[in-house]
>>> print(open('input-v5.txt').read())   # compact mmCIF, C-alpha atoms
# COMPACT_ATOMS: atom_id res chain seq x y z
CA MET A 272 21.70 -16.93 26.15
CA SER A 273 18.31 -15.39 25.33
CA GLU A 274 15.88 -17.85 23.72
CA ARG A 275 12.40 -17.48 22.33
CA ARG A 276 9.76 -18.39 24.90
CA LEU A 277 5.99 -18.92 24.95
CA GLU A 278 4.00 -16.91 27.51
CA GLU A 279 0.38 -16.11 28.26
CA ILE A 280 0.22 -12.30 28.39
CA PRO A 281 -2.69 -10.01 29.34
CA ILE A 282 -3.96 -8.32 26.19
CA ASN A 283 -3.98 -4.92 27.90
CA MET A 284 -0.20 -5.25 28.32
CA ILE A 285 0.39 -5.56 24.57
CA ASP A 286 0.89 -2.40 22.49
CA PRO A 287 0.49 -2.26 18.68
CA PHE A 288 3.57 -1.94 16.50
CA PRO A 289 4.38 1.76 15.94
CA ASP A 290 3.06 3.03 12.59
CA HIS A 291 1.78 -0.44 11.73
CA PRO A 292 1.15 -0.26 7.96
CA PHE A 293 -1.35 -3.13 7.75
CA LYS A 294 -4.98 -2.26 8.43
CA VAL A 295 -7.19 -4.18 10.84
CA GLN A 296 -10.67 -3.97 9.34
CA ASP A 297 -14.15 -5.03 10.43
CA ASP A 298 -14.92 -7.01 7.30
CA GLU A 299 -16.08 -10.50 6.34
CA ASP A 300 -12.60 -11.95 6.88
CA MET A 301 -12.55 -10.54 10.40
CA ASP A 302 -15.97 -12.05 11.09
CA ASP A 303 -14.63 -15.43 9.96
CA LEU A 304 -11.56 -15.06 12.19
CA ILE A 305 -13.70 -14.16 15.21
CA GLU A 306 -15.89 -17.22 14.66
CA SER A 307 -12.82 -19.44 14.22
CA ILE A 308 -11.30 -18.20 17.50
CA ARG A 309 -14.66 -18.54 19.23
CA SER A 310 -14.90 -22.21 18.30
CA LYS A 311 -11.26 -23.32 18.16
CA GLY A 312 -9.25 -20.71 20.03
CA VAL A 313 -6.10 -18.99 18.75
CA LEU A 314 -4.27 -21.67 16.77
CA MET A 315 -1.05 -19.69 16.22
CA PRO A 316 0.59 -17.60 18.96
CA CYS A 317 1.20 -13.93 18.32
CA ILE A 318 4.78 -12.62 18.34
CA VAL A 319 5.83 -9.85 20.73
CA ARG A 320 9.01 -8.31 22.02
CA PRO A 321 9.50 -6.96 25.57
CA LYS A 322 9.64 -3.19 26.09
CA LYS A 323 11.73 -1.33 28.65
CA ASP A 324 8.63 -0.26 30.59
CA GLY A 325 7.59 -3.87 31.22
CA ARG A 326 4.96 -3.92 28.50
CA TYR A 327 5.14 -5.75 25.16
CA GLU A 328 5.19 -4.62 21.54
CA LEU A 329 3.13 -6.65 19.08
CA ILE A 330 5.15 -7.84 16.06
CA ALA A 331 2.75 -10.30 14.42
CA GLY A 332 -0.90 -10.95 15.24
CA HIS A 333 -2.74 -7.60 15.17
CA ARG A 334 -5.86 -9.18 13.62
CA ARG A 335 -5.82 -12.05 16.12
CA LYS A 336 -5.46 -9.62 19.02
CA TYR A 337 -8.37 -7.51 17.75
CA ALA A 338 -10.57 -10.60 17.32
CA CYS A 339 -9.79 -11.72 20.87
CA GLU A 340 -10.67 -8.27 22.19
CA GLN A 341 -14.06 -8.49 20.45
CA LEU A 342 -14.66 -11.83 22.16
CA GLY A 343 -13.67 -10.52 25.58
CA ILE A 344 -10.60 -12.75 25.84
CA GLU A 345 -8.24 -11.25 28.41
CA ASN A 346 -5.01 -13.22 27.87
CA LEU A 347 -3.14 -14.08 24.69
CA TRP A 348 -0.53 -16.77 24.08
CA CYS A 349 2.51 -15.09 22.59
CA GLU A 350 5.98 -15.97 21.44
CA VAL A 351 8.30 -13.53 23.19
CA MET A 352 11.40 -12.65 21.16
CA GLU A 353 14.37 -10.42 21.93
CA LEU A 354 14.62 -8.23 18.82
CA THR A 355 16.28 -4.95 17.90
CA GLY A 356 14.11 -2.27 16.28
CA PRO A 357 15.20 -3.08 12.71
CA GLN A 358 14.79 -6.83 13.26
CA ALA A 359 11.30 -6.31 14.70
CA THR A 360 10.30 -4.21 11.69
CA ILE A 361 11.56 -6.77 9.19
CA LEU A 362 9.81 -9.62 10.97
CA MET A 363 6.58 -7.61 11.24
CA VAL A 364 6.58 -6.93 7.50
CA GLU A 365 7.39 -10.50 6.49
CA SER A 366 4.78 -12.06 8.77
CA ASN A 367 2.05 -9.82 7.34
CA PHE A 368 3.09 -10.54 3.76
CA GLN A 369 1.67 -14.04 4.28
CA ARG A 370 -1.87 -12.62 4.18
CA ASP A 371 -4.07 -13.42 1.18
CA ARG A 372 -5.12 -9.84 0.46
CA ILE A 373 -2.87 -6.82 0.90
CA LEU A 374 -3.79 -3.30 -0.19
CA PRO A 375 -1.30 -1.33 -2.33
CA SER A 376 -0.98 1.27 0.45
CA GLU A 377 -0.14 -1.46 2.97
CA LYS A 378 2.58 -2.87 0.75
CA ALA A 379 3.89 0.63 0.03
CA PHE A 380 4.51 1.61 3.64
CA ALA A 381 5.60 -1.90 4.61
CA TYR A 382 8.31 -1.97 1.93
CA LYS A 383 9.45 1.51 2.91
CA MET A 384 9.68 0.52 6.59
CA ARG A 385 11.59 -2.63 5.70
CA LEU A 386 14.01 -0.66 3.53
CA GLU A 387 14.81 1.73 6.35
CA ALA A 388 15.13 -1.18 8.79
CA MET A 389 17.59 -2.93 6.49
CA LYS A 390 19.71 0.22 6.27
CA LYS A 391 19.79 0.53 10.07
CA HIS A 392 20.61 -3.15 10.41
CA ILE A 393 23.56 -2.81 8.04
CA SER A 394 24.71 0.35 9.82
CA ARG A 395 24.70 -1.47 13.15
CA LEU A 396 26.57 -4.44 11.68
CA VAL A 397 29.29 -2.17 10.29
CA GLN A 398 29.82 -0.63 13.71
CA ASN A 399 29.74 -4.00 15.44
CA GLN A 400 32.37 -5.20 13.01
CA LYS A 401 34.59 -2.24 13.90
CA GLY A 402 33.98 -2.81 17.61
CA GLY A 403 34.98 -6.45 17.43
CA PHE A 404 31.53 -7.82 18.33
CA THR A 405 29.94 -10.97 16.95
CA PHE A 406 26.52 -11.48 15.38
CA ALA A 407 24.32 -14.33 16.64
CA GLY A 408 27.41 -16.02 17.97
CA GLY A 409 29.13 -15.97 14.60
CA SER A 410 30.97 -13.74 12.19
CA VAL A 411 29.58 -10.29 11.46
CA GLU A 412 31.12 -10.38 7.97
CA GLU A 413 28.83 -13.13 6.68
CA GLU A 414 25.64 -11.43 7.90
CA LEU A 415 26.84 -8.05 6.61
CA GLU A 416 27.58 -9.40 3.15
CA GLU A 417 24.18 -11.12 2.99
CA ALA A 418 22.31 -7.97 4.09
CA ARG A 419 24.16 -5.77 1.61
CA ARG A 420 23.52 -8.20 -1.21
CA HIS A 421 19.81 -8.30 -0.44
CA LEU A 422 19.48 -4.51 -0.24
CA ALA A 423 21.17 -4.04 -3.61
CA ALA A 424 19.23 -6.84 -5.31
CA SER A 425 15.74 -6.21 -3.93
CA TYR A 426 15.61 -2.42 -3.82
CA GLY A 427 17.77 -1.49 -6.80
CA ILE A 428 20.21 0.54 -4.71
CA SER A 429 23.66 0.76 -6.25
CA GLN A 430 26.36 -1.33 -4.60
CA ALA A 431 28.42 1.82 -4.03
CA LYS A 432 25.60 3.40 -1.99
CA VAL A 433 24.99 0.19 -0.06
CA ASP A 434 28.68 -0.04 0.85
CA ARG A 435 28.57 3.52 2.23
CA ILE A 436 25.83 2.75 4.77
CA GLY A 437 27.28 2.88 8.28
CA THR A 438 30.45 4.68 7.18
CA PRO A 439 31.39 8.37 7.65
CA GLU A 440 30.07 8.95 4.11
CA GLY A 441 26.76 7.26 4.92
CA ARG A 442 23.72 8.88 6.52
CA LEU A 443 23.12 6.26 9.22
CA ARG A 444 26.56 6.16 10.82
CA LYS A 445 25.19 7.40 14.18
CA GLU A 446 23.26 4.18 14.79
CA PRO A 447 24.36 3.09 18.31
CA VAL A 448 26.74 0.14 18.62
CA GLU A 449 25.10 -2.82 20.33
CA PRO A 450 26.81 -6.19 20.93
CA GLN A 451 24.90 -8.98 19.19
CA GLY A 452 26.43 -12.13 20.57
CA THR A 453 23.19 -14.00 21.17
CA PRO A 454 20.66 -15.49 18.77
CA VAL A 455 17.82 -13.13 17.88
CA GLY A 456 14.94 -13.47 15.44
CA TYR A 457 14.89 -16.78 13.63
CA PRO A 458 17.99 -18.71 14.79
CA ASN A 459 18.42 -20.48 11.47
CA LYS A 460 17.87 -17.47 9.22
CA THR A 461 19.84 -14.26 9.00
CA ILE A 462 17.90 -11.03 8.71
CA GLY A 463 19.11 -10.65 5.15
CA LYS A 464 17.69 -14.01 4.12
CA LEU A 465 14.47 -13.37 5.99
CA ALA A 466 13.99 -10.06 4.21
CA ALA A 467 14.57 -11.67 0.82
CA ILE A 468 11.12 -13.33 0.98
CA SER A 469 9.05 -11.40 -1.57
CA GLU A 470 7.02 -12.12 -4.69
CA ASP A 471 7.57 -8.63 -6.09
CA SER A 472 10.38 -7.69 -8.43
CA ARG A 473 12.90 -4.99 -7.63
CA GLU A 474 11.13 -2.56 -9.96
CA GLN A 475 7.72 -3.34 -8.46
CA ILE A 476 9.06 -2.75 -4.95
CA ARG A 477 10.39 0.62 -6.12
CA ARG A 478 6.93 1.47 -7.49
CA TYR A 479 5.24 0.52 -4.24
CA ILE A 480 7.59 2.72 -2.21
CA ARG A 481 6.84 5.66 -4.51
CA LEU A 482 3.16 5.36 -3.53
CA THR A 483 4.05 6.57 -0.03
CA GLU A 484 4.56 10.02 -1.60
CA LEU A 485 0.89 10.26 -2.59
CA VAL A 486 -1.56 12.34 -0.58
CA PRO A 487 -3.97 10.07 1.39
CA GLU A 488 -6.98 10.89 -0.80
CA ILE A 489 -5.25 9.74 -4.00
CA LEU A 490 -3.71 6.72 -2.26
CA ASP A 491 -7.24 5.69 -1.25
CA LEU A 492 -8.21 5.73 -4.94
CA VAL A 493 -5.30 3.38 -5.66
CA ASP A 494 -6.51 1.03 -2.92
CA GLU A 495 -10.01 1.15 -4.41
CA GLY A 496 -8.66 0.22 -7.85
CA LYS A 497 -9.75 3.53 -9.40
CA ILE A 498 -6.17 4.57 -10.23
CA ALA A 499 -3.73 1.98 -11.56
CA MET A 500 -0.16 1.54 -10.33
CA ARG A 501 1.71 3.13 -13.26
CA PRO A 502 -0.19 6.45 -13.35
CA ALA A 503 -0.13 6.52 -9.53
CA VAL A 504 3.68 6.30 -9.57
CA GLU A 505 3.89 9.24 -12.00
CA ILE A 506 1.49 11.28 -9.87
CA SER A 507 3.63 10.61 -6.78
CA TYR A 508 6.30 12.95 -8.21
CA LEU A 509 3.90 15.91 -8.17
CA LYS A 510 4.05 18.35 -5.28
CA GLU A 511 1.46 18.01 -2.52
CA ASP A 512 -0.57 21.05 -3.59
CA GLN A 513 -0.57 19.82 -7.20
CA GLN A 514 -1.79 16.41 -6.09
CA ARG A 515 -4.62 18.06 -4.18
CA ASP A 516 -5.53 20.13 -7.24
CA LEU A 517 -5.60 16.89 -9.21
CA TYR A 518 -7.82 15.23 -6.61
CA ASP A 519 -10.25 18.16 -6.70
CA CYS A 520 -10.39 17.78 -10.47
CA ILE A 521 -11.01 14.03 -10.16
CA LEU A 522 -13.98 14.71 -7.88
CA LYS A 523 -15.37 17.48 -10.09
CA GLU A 524 -15.00 15.69 -13.44
CA GLN A 525 -15.60 12.16 -12.12
CA CYS A 526 -12.60 10.80 -14.00
CA THR A 527 -9.11 9.55 -13.16
CA PRO A 528 -5.84 10.19 -15.03
CA SER A 529 -4.54 7.72 -17.57
CA PHE A 530 -0.87 6.75 -17.65
CA SER A 531 -0.16 9.10 -20.57
CA GLN A 532 -1.88 12.00 -18.80
CA ALA A 533 0.08 11.35 -15.60
CA VAL A 534 3.33 11.25 -17.60
CA ARG A 535 2.50 14.60 -19.21
CA MET A 536 1.76 16.18 -15.84
CA ARG A 537 5.07 14.96 -14.46
CA LYS A 538 6.89 16.34 -17.51
CA MET A 539 5.15 19.69 -17.13
CA LEU A 540 6.22 19.72 -13.48
CA LYS A 541 9.81 19.20 -14.57
CA ASP A 542 9.45 22.06 -17.05
CA ARG A 543 7.79 24.19 -14.33
CA ASN A 544 4.61 24.54 -16.37
CA LEU A 545 2.22 22.48 -14.25
CA THR A 546 -0.43 24.91 -13.02
CA LYS A 547 -3.89 24.19 -11.64
CA GLU A 548 -5.33 25.24 -15.00
CA ALA A 549 -2.96 22.88 -16.85
CA ILE A 550 -4.07 19.97 -14.65
CA MET A 551 -7.71 20.79 -15.38
CA THR A 552 -7.06 21.01 -19.13
CA ILE A 553 -5.35 17.62 -19.22
CA MET A 554 -8.02 15.95 -17.10
CA MET A 555 -10.91 17.26 -19.19
CA GLU A 556 -9.63 15.41 -22.25
CA GLU A 557 -11.94 12.58 -23.19
CA LYS A 558 -10.38 9.15 -22.77
CA PRO A 559 -11.69 6.12 -24.70
CA ASN A 560 -11.94 4.01 -21.58
CA GLN A 561 -13.92 6.67 -19.72
CA LYS A 562 -16.57 7.59 -22.31
CA GLU A 563 -20.03 7.19 -20.87
CA ARG A 564 -21.57 3.89 -21.87
CA ILE A 565 -25.30 3.15 -21.74
CA SER A 566 -26.52 -0.45 -21.56
CA LEU A 567 -30.07 -1.33 -22.61
CA ASP A 568 -31.90 -4.64 -22.61
CA SER A 569 -32.52 -5.52 -26.28
CA GLU A 570 -35.78 -7.37 -25.57
CA ARG A 571 -37.26 -4.36 -23.81
CA VAL A 572 -36.14 -2.04 -26.64
CA ASN A 573 -37.60 -4.25 -29.38
CA LYS A 574 -41.03 -4.21 -27.75
CA TYR A 575 -41.47 -0.57 -28.70
CA PHE A 576 -40.09 -0.51 -32.25
CA PRO A 577 -40.73 -2.27 -35.57
CA LYS A 578 -38.34 -5.12 -36.31
CA ARG A 579 -37.43 -3.92 -39.81
CA LEU A 580 -34.81 -1.54 -38.42
CA PRO A 581 -31.74 -2.47 -36.32
CA ALA A 582 -32.10 -1.75 -32.61
CA HIS A 583 -29.54 1.05 -32.58
CA ARG A 584 -31.34 2.81 -35.44
CA ASN A 585 -34.61 2.54 -33.52
CA ILE A 586 -33.03 4.22 -30.52
CA GLU A 587 -31.42 6.95 -32.63
CA LYS A 588 -34.73 7.76 -34.34
CA ALA A 589 -36.55 7.77 -31.01
CA LEU A 590 -34.03 10.17 -29.50
CA GLU A 591 -34.25 12.47 -32.52
CA PHE A 592 -38.04 12.52 -32.23
CA TYR A 593 -37.92 13.13 -28.47
CA GLY A 594 -35.35 15.90 -28.93
CA ARG A 595 -37.61 17.71 -31.44
CA TYR A 596 -40.53 17.26 -29.02
CA LEU A 597 -38.55 18.91 -26.19
CA GLU A 598 -37.59 21.82 -28.50
CA ARG A 599 -41.24 22.41 -29.46
CA LYS A 600 -42.29 22.23 -25.83
CA GLU A 601 -39.66 24.80 -24.87
CA ARG A 602 -40.73 27.14 -27.67
CA ASP A 603 -44.40 26.83 -26.64
CA HIS A 604 -43.43 27.62 -23.06
CA GLU A 605 -41.57 30.80 -24.14
CA ARG A 606 -44.66 32.08 -25.95
>>> encode(input="input-v5.txt", output="structure tokens")
Amino acid sequence: MSERRLEEIPINMIDPFPDHPFKVQDDEDMDDLIESIRSKGVLMPCIVRPKKDGRYELIAGHRRKYACEQLGIENLWCEVMELTGPQATILMVESNFQRDRILPSEKAFAYKMRLEAMKKHISRLVQNQKGGFTFAGGSVEEELEEARRHLAASYGISQAKVDRIGTPEGRLRKEPVEPQGTPVGYPNKTIGKLAAISEDSREQIRRYIRLTELVPEILDLVDEGKIAMRPAVEISYLKEDQQRDLYDCILKEQCTPSFSQAVRMRKMLKDRNLTKEAIMTIMMEEKPNQKERISLDSERVNKYFPKRLPAHRNIEKALEFYGRYLERKERDHER
């Protein structure tokens, strides 16, 4: 029986998780982590799984591994776990969801990876059930029912579509059959229950997954908080070239689309009327929340004007006077 085990592994033998959606950044949090490891060491082992070539794949602990590399630490204590590809993906996502700050793009690709992993897991269970295998030493039926229930509840997929996964009508029926008669992952939690850990609603998860359809430049604006979730979801339905036209317009006009503008662009796409010119026309509309605002210190303003008039009137009169001065100056220059 294969059990989890703790080993000290050379860092240069540990490979990152393929297409890891969570970014490792040189920021203040990383500086704090490096100082913590410098003074106290790594308090929590990383999680890896063995690869066929004798190396290891990192499941959880990419930031810890990076911090150790910066400190010149050569070996890393790791929990070695025997996991299938889908199980490794689900565990990788869930372990990173414990972080305090997660970017929208990180959640987007993580949820999408977990969704595909759950589908593959169900597909494998269906085939194991047909082949007479067991799962974690127990019945396949219980795990299969739990995984199907989670997929339908968390991702909003219809029960009929969920039930087709792994069948001749499903798209993942070619997933290879592998006996699963030994405990893998968390012994006391099924993969379905593990994957159910999430603070986001089914609809919010759907929105996050839609963000993976955005071009990188627009997705960066979402991460920076310059485009909100709802308009970003609408934009994700636009074709790639239309999204790039929109991004060019954002840079040129220094404005981002509102939800109503994004909805109109999506509708025009559906009606086959969304041209580059149409995108520009929509984006050039003035939005109340993006009108230019000028802030002035009232004390500094009042120093230059009589107190008998309100401050805003003083400024208006001053601008009128200065405007007439510039006109006279221009006329004198033309002569």
>>> closest_atom_pairs(input="input-v5.txt", of="stretch 349-414 of chain A", to="stretch 487-494 of chain A", cutoff="12 Å", atoms="all atoms listed in the file", output="tab-separated table")
residue	atom	partner	partner_atom	distance
A:Arg372	CA	A:Asp494	CA	11.5
A:Ile373	CA	A:Asp494	CA	9.5
A:Leu374	CA	A:Asp494	CA	5.8
A:Pro375	CA	A:Asp494	CA	5.7
A:Ser376	CA	A:Asp494	CA	6.5
A:Glu377	CA	A:Asp494	CA	9.0
A:Lys378	CA	A:Asp494	CA	10.6
A:Ala379	CA	A:Leu490	CA	10.0
A:Phe380	CA	A:Leu490	CA	11.3
>>> residues_around(input="input-v5.txt", residues="stretch 527-544 of chain A", least_positions_apart="6", cutoff="7 Å", atoms="all atoms listed in the file", output="PyMOL selection string")
chain A and resi 498+501-502+505-506+508-509+521+553-554
>>> residues_around(input="input-v5.txt", residues="A:Ile550", least_positions_apart="2", cutoff="8 Å", atoms="all atoms listed in the file", output="list in words")
Asp516, Leu517, Cys520, Met536, Leu545, Thr546, Lys547, Glu548, Thr552, Ile553 and Met554 of chain A
>>> residues_around(input="input-v5.txt", residues="A:Glu387", least_positions_apart="5", cutoff="9 Å", atoms="all atoms listed in the file", output="compact mmCIF listing (two decimals) with C-alpha atoms, keeping the file's coordinate frame")
# COMPACT_ATOMS: atom_id res chain seq x y z
CA PRO A 357 15.20 -3.08 12.71
CA TYR A 382 8.31 -1.97 1.93
CA HIS A 392 20.61 -3.15 10.41
>>> atom_distance(input="input-v5.txt", atom1="atom CA of A:Ile480", atom2="atom CA of A:Pro287")
22.6 Å
>>> atom_distance(input="input-v5.txt", atom1="atom CA of A:Val411", atom2="atom CA of A:Arg473")
25.9 Å
>>> closest_residue(input="input-v5.txt", among="A:Ser429, A:Val295, A:Ile305, A:Gln358", to="A:Arg370", atoms="all atoms listed in the file")
A:Val295
>>> closest_residue(input="input-v5.txt", among="A:Met284, A:Leu522, A:Val486, A:Ile436", to="A:Ser507", atoms="only C-alpha atoms")
A:Val486
>>> atom_distance(input="input-v5.txt", atom1="atom CA of A:Ala499", atom2="atom CA of A:Glu470")
19.0 Å
